[in-house]
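Each remark here refers to the structure printed beneath this line.
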2 protein chains.
Amino acid sequence: MARFFGTPDGVHAGQFFIDRRELHDAFVHRPLQAGISGTAAEGADSIVVSGGYVDDQDHGAYLIYTGHGGNDPNTRRQIADQTPDASGNAGLITSRVRGLPVRVIRGRHTGSPFAPPNGYIYSGLYSVTSWWTKKGIDGFQVVQFRLDAIEEQTAVEPAPRVELDPSFRNVTVSRRIRDTAMSRAIKELYGYSCQVCGTQVGAFEGRVYAEGAHVRPLGRPHLGRDDRNNLLCLCPNHHTQLDIGGMYISNDMVAIDANTNDPIEQLRWRRDHRVDSANVEYHRSLWRVR
Amino acid sequence: MARFFGTPDGVHAGQFFIDRRELHDAFVHRPLQAGISGTAAEGADSIVVSGGYVDDQDHGAYLIYTGHGGNDPNTRRQIADQTPDASGNAGLITSRVRGLPVRVIRGRHTGSPFAPPNGYIYSGLYSVTSWWTKKGIDGFQVVQFRLDAIEEQTAVEPAPRVELDPSFRNVTVSRRIRDTAMSRAIKELYGYSCQVCGTQVGAFEGRVYAEGAHVRPLGRPHLGRDDRNNLLCLCPNHHTQLDIGGMYISNDMVAIDANTNDPIEQLRWRRDHRVDSANVEYHRSLWRVR
């Protein structure tokens with residue numbers, strides 16, 4: 001079975017689980033021992049935060065999470081360096097690159113005001129927004145991750161709110177990628193290369209990045225569908241250009257520069273994937289480009 | 001005075017204003033008559049939602065807002081087509097392209113459960129997330145905008161919450177651009193062309209798009225500063241590559257492919273703008289690239 005990203009049906013943020021076996025059975029966190037569920041190739045789908053590392057911080061709406069490796073299970077001190085290649089760490093790096101949602105489970109521990117007194121709480125979906133290596137408190141190299149609660153989930157079950165990070169005041173969010181399981185499948189199909197220009201945006205250690213672009217926009221009032229026939233695999237530049245009226249798609253599936261009406265490139269297709277002409281027509285009609 | 005984007009000091013979401021004069025004096029909404037404050041060149045900084053158009057919808061956390069023009073002030077019906085070139089409409093389109101924050105003020109009207117019974121409420125910052133033209137209820141072309149409350153503001157003063165848009169479930173936000181006044185200034189300085197490759201991403205009717213990229217990341221634990229010497233003007237592709245470990249900057253300011261260690265391009269500079277080498281060193285140290 002393919003690795004499952006997102007919140008399983010019937011599970012909600014805030015739900016309590018008695019032990020790791022229950023987490024496993026509910027598809028919330030599959031490994032019975034490891035804190036990170038994931039691999040370099042697929043990304044990480046869940047982590048358990050349980051204060052195993054002295055460098056961890058839990059701020060509720062965001063966490064500083066130390067990767068795995070080099071930790072003495074008895075003393076909980078670092079006794080060797082961690083590396084970005086260890087599979088769980090590599091999985092979280094891939095999740096960062098691809099923007100995959102990570103299920104966060106908090107286990108009992110003393111270092112966090114958000115941890116349950118016993119058992120485990122599923123805290124909803126988080127996004128890996130940064131990662132780095134540094135010398136840890138014990139003098140060995142550690143790999144760390146910042147995970148931020150995803151808005152969607154906090155709408156359902158607000159994450160505990162501490163003080164707002166002051167450096168994030170007076171900022172705005174100018175572009176959001178709506179990434180879905182279907183969008184991930186399309187990116188996988190194209191090997192993360194842009195259907196307009198073939199670009200693969202390079203990331204850490206050979207990972208590559210692309211975006212799933214919905215032609216007819218999701219959400220009201222457009223109500224485009226999250227279907228194969230409404231999705232393109234694009235580089236960020238062409239995705240942006242499509243979304244802000246700089247590029248449209250003709251019925252014969254050529255990407256056209258909206259300012260000059262010159263063709264940019266014939267779209268590249270893999271296997272039986274095609275976009276529905278009704279969706280490219282809808283997209284053109286937004287701005288009355290004929 | 002340059003157009004001011006964002007929430008003025010001393011003003012908060014939820015604040016009441018007795019009339020348009022008070023809104024003007026507080027720098028919340030400068031025009032005394034017009035519903036949209038903005039121009040094509042600068043973008044729109046504020047709108048007043050007051051039910052002037054039959055096609056408007058107010059869902060609290062997001063609005064469907066009809067642009068201006070063609071409206072009979074007495075009957076409030078459309079009597080002519082609206083166009084994307086009318087200055088307020090063109091301003092909101094520029095705000096969409098650039099990701100500028102728009103102050104939303106709700107005035108008294110009967111069509112919205114979120115409108116005040118009298119006077120005006122400043123509802124915080126919204127982002128223009130989509131725009132389109134369509135035939136309005138009265139049979140004339142209207143220009144419409146979807147505006148979504150910006151998370152930052154809803155953290156201060158939650159926007160009224162109605163039902164969650166079902167098409168936005170099970171999605172995640174994979175990339176966020178932290179746009180600030182300083183980032184906008186840098187993009188302006190470079191004419192929205194990428195310092196690595198010179199690309200200007202085209203948008204609607206000659207508008208162009210770029211992103212302000214913080215070299216040392218903002219936010220904890222990095223605490224990079226929102227300063228000129230920590231900002232680059234990049235296309236979305238190179239911004240992504242910088243942020244996900246696919247590109248680093250050498251001390252002599254060459255963009256380097258992190259996977260091959262080959263130079264991509266010498267960074268282009270305008271006037272006295274430079275990035276501090278301590279910031280590019282910090283960025284490299286995140287992933288131990290030497």
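Convention: chains lettered A, B, ... in structure tokens order; per-chain residue numbering from 1; ligands numbered from 1 as shown.
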
If we count only C-alpha atoms and set the cut-off at 12 Å, which residues sit around B:Asn230, ignoring sequence neighbours fewer than 4 positions away in its own chain? Please answer as an MDAnalysis selection string.
chainID B and resid 182:183 186 212:218 223:226 273:283

Written selection (C-alpha atoms) as a PDB file, in the first residue's frame:
```pdb
ATOM      1  CA  MET B 182      10.931  45.756   2.266  1.00  0.00           C
ATOM      2  CA  SER B 183      10.477  42.827  -0.099  1.00  0.00           C
ATOM      3  CA  ILE B 186      13.496  45.281  -3.538  1.00  0.00           C
ATOM      4  CA  GLY B 212      11.312  38.808  -2.518  1.00  0.00           C
ATOM      5  CA  ALA B 213      13.504  35.988  -1.187  1.00  0.00           C
ATOM      6  CA  HIS B 214      14.930  36.176   2.322  1.00  0.00           C
ATOM      7  CA  VAL B 215      18.369  34.572   2.275  1.00  0.00           C
ATOM      8  CA  ARG B 216      18.586  33.880   6.003  1.00  0.00           C
ATOM      9  CA  PRO B 217      15.026  32.690   6.688  1.00  0.00           C
ATOM     10  CA  LEU B 218      12.617  34.801   8.730  1.00  0.00           C
ATOM     11  CA  LEU B 223      15.509  34.968  12.917  1.00  0.00           C
ATOM     12  CA  GLY B 224      16.779  36.394   9.649  1.00  0.00           C
ATOM     13  CA  ARG B 225      15.969  40.076   9.293  1.00  0.00           C
ATOM     14  CA  ASP B 226      13.595  41.706   6.877  1.00  0.00           C
ATOM     15  CA  HIS B 273      21.904  47.012  -3.117  1.00  0.00           C
ATOM     16  CA  ARG B 274      24.036  44.127  -1.756  1.00  0.00           C
ATOM     17  CA  VAL B 275      23.345  41.084   0.361  1.00  0.00           C
ATOM     18  CA  ASP B 276      25.406  40.646   3.513  1.00  0.00           C
ATOM     19  CA  SER B 277      27.876  37.765   3.241  1.00  0.00           C
ATOM     20  CA  ALA B 278      26.940  36.720   6.800  1.00  0.00           C
ATOM     21  CA  ASN B 279      23.461  35.960   5.463  1.00  0.00           C
ATOM     22  CA  VAL B 280      24.644  33.837   2.539  1.00  0.00           C
ATOM     23  CA  GLU B 281      26.991  32.050   4.955  1.00  0.00           C
ATOM     24  CA  TYR B 282      24.104  31.367   7.314  1.00  0.00           C
ATOM     25  CA  HIS B 283      22.040  30.032   4.419  1.00  0.00           C
TER      26      HIS B 283
END
```

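Residues in contact with A:Phe140 at up to 9 Å, not including ones fewer than 4 positions away on its chain and judged by only C-alpha atoms, are Gly70, Gln78, Ile79, Ala80, Asp81, Gln82, Lys134, Lys135 and Gly136 of chain A.
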
Please provide as a tab-separated table (two decimals) with C-alpha atoms, in the first residue's frame all residues within 7 Å of A:Asp55, with the sequence filter that same-chain residues fewer than 2 positions apart are discarded (counting only C-alpha atoms).
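Result file is out_19.tsv:
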```
chain	number	residue	atom	x	y	z
A	53	TYR	CA	15.77	14.91	22.23
A	57	GLN	CA	10.96	22.70	21.29
A	66	THR	CA	15.10	16.91	16.10
A	136	GLY	CA	23.27	20.06	19.46
A	137	ILE	CA	23.35	20.72	23.19
```

If we count only C-alpha atoms and set the cut-off at 12 Å, which residues sit around stretch 266-272 of chain A, ignoring sequence neighbours fewer than 2 positions away in its own chain? Please answer as a PyMOL selection string.
chain A and resi 186-199+228-229+231-234+238+248-257+262-264+274-275

For the selection you just gave me, I'd like the residues written to a file as a short mmCIF file (atom, residue, chain, number, x, y, z; two decimals), in the first residue's frame, keeping C-alpha atoms.
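Result went into out_29.cif, see below:
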```
data_model
loop_
_atom_site.label_atom_id
_atom_site.label_comp_id
_atom_site.auth_asym_id
_atom_site.auth_seq_id
_atom_site.Cartn_x
_atom_site.Cartn_y
_atom_site.Cartn_z
CA ILE A 186 0.29 14.02 -11.55
CA LYS A 187 3.69 15.39 -10.46
CA GLU A 188 4.89 11.83 -9.98
CA LEU A 189 3.65 10.90 -13.47
CA TYR A 190 5.73 13.70 -15.01
CA GLY A 191 8.78 13.06 -12.85
CA TYR A 192 8.48 16.61 -11.50
CA SER A 193 9.22 18.21 -14.86
CA CYS A 194 7.19 21.14 -16.19
CA GLN A 195 4.74 20.32 -18.99
CA VAL A 196 5.51 23.69 -20.59
CA CYS A 197 9.30 23.99 -20.39
CA GLY A 198 10.58 20.68 -19.02
CA THR A 199 12.27 22.38 -16.05
CA ARG A 228 -6.54 14.44 -13.45
CA ASN A 229 -8.27 16.24 -16.31
CA LEU A 231 -4.31 19.29 -13.45
CA LEU A 232 -0.99 20.13 -15.04
CA CYS A 233 2.50 19.50 -13.70
CA LEU A 234 4.27 22.88 -13.92
CA HIS A 238 4.68 28.66 -15.34
CA TYR A 248 -3.46 30.54 -21.24
CA ILE A 249 -3.95 27.17 -22.90
CA SER A 250 -5.50 26.88 -26.35
CA ASN A 251 -7.97 24.11 -27.19
CA ASP A 252 -5.18 22.30 -29.05
CA MET A 253 -3.20 22.38 -25.80
CA VAL A 254 -0.56 24.97 -26.63
CA ALA A 255 0.60 27.26 -23.80
CA ILE A 256 0.19 30.83 -25.09
CA ASP A 257 1.69 34.07 -23.76
CA ASP A 262 2.50 34.02 -29.13
CA PRO A 263 2.83 30.31 -28.45
CA ILE A 264 5.25 29.46 -25.63
CA ARG A 274 -5.03 14.91 -20.84
CA VAL A 275 -6.68 18.08 -19.60
#
```

Let me make sure I understand: among B:Asp25, B:Asp179, B:Asp148, B:Glu205, which one has the smallest atom-to-atom distance to B:Ala90 if we use only C-alpha atoms?
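Going through B:Asp25, B:Asp179, B:Asp148, B:Glu205 one by one, the smallest distance to B:Ala90 is for B:Glu205.
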
For A:Tyr120, list every protein, DNA or RNA residue within 12 Å, evaluated using only C-alpha atoms, and leave out those in the same chain fewer than 4 positions away; present the list as JSON, numbers by chain.
{"A": [13, 14, 15, 16, 17, 18, 19, 20, 21, 22, 23, 24, 28, 29, 47, 48, 49, 50, 104, 105, 106, 107, 108, 109, 114, 115, 116]}

Between A:Leu63, A:Ala185, A:Ala149, A:Val97, which one has atoms that come closest to chain B, using only C-alpha atoms?
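Under the stated criterion, the closest residue is A:Val97.
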
Return as a PyMOL selection string the full set of residues in stretch 215-275 of chain A whose backbone-based DSSP assignment is strand (DSSP E or B).
chain A and resi 231-234+247-249+254-257+263-266

Please indicate the distance in Å from atom CA of B:Phe4 to atom CA of B:Asp45, rounded to one decimal place.
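Straight-line distance from atom CA of B:Phe4 to atom CA of B:Asp45 works out to 6.7 Å.
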
Given only C-alpha atoms as the counted atoms, nearest of B:Ser37, B:Thr7, B:Thr75, B:Thr110 to chain A:
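Between B:Ser37, B:Thr7, B:Thr75, B:Thr110, the residue approaching chain A most closely is B:Thr7.
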
Once DSSP has gone over the backbone, tell me which residues of stretch 37-92 of chain B are in helix (DSSP H, G or I), as an MDAnalysis selection string.
chainID B and resid 87:92

At what distance in Å, to one decimal, does atom CA of B:Thr83 lie from atom CA of A:Arg284?
16.1 Å

Hey, what's within 8 Å of B:Ile244 if we count only C-alpha atoms and toss same-chain stuff fewer than 5 positions away? As a ChimeraX atom specification, please?
/A:96-97,203-204
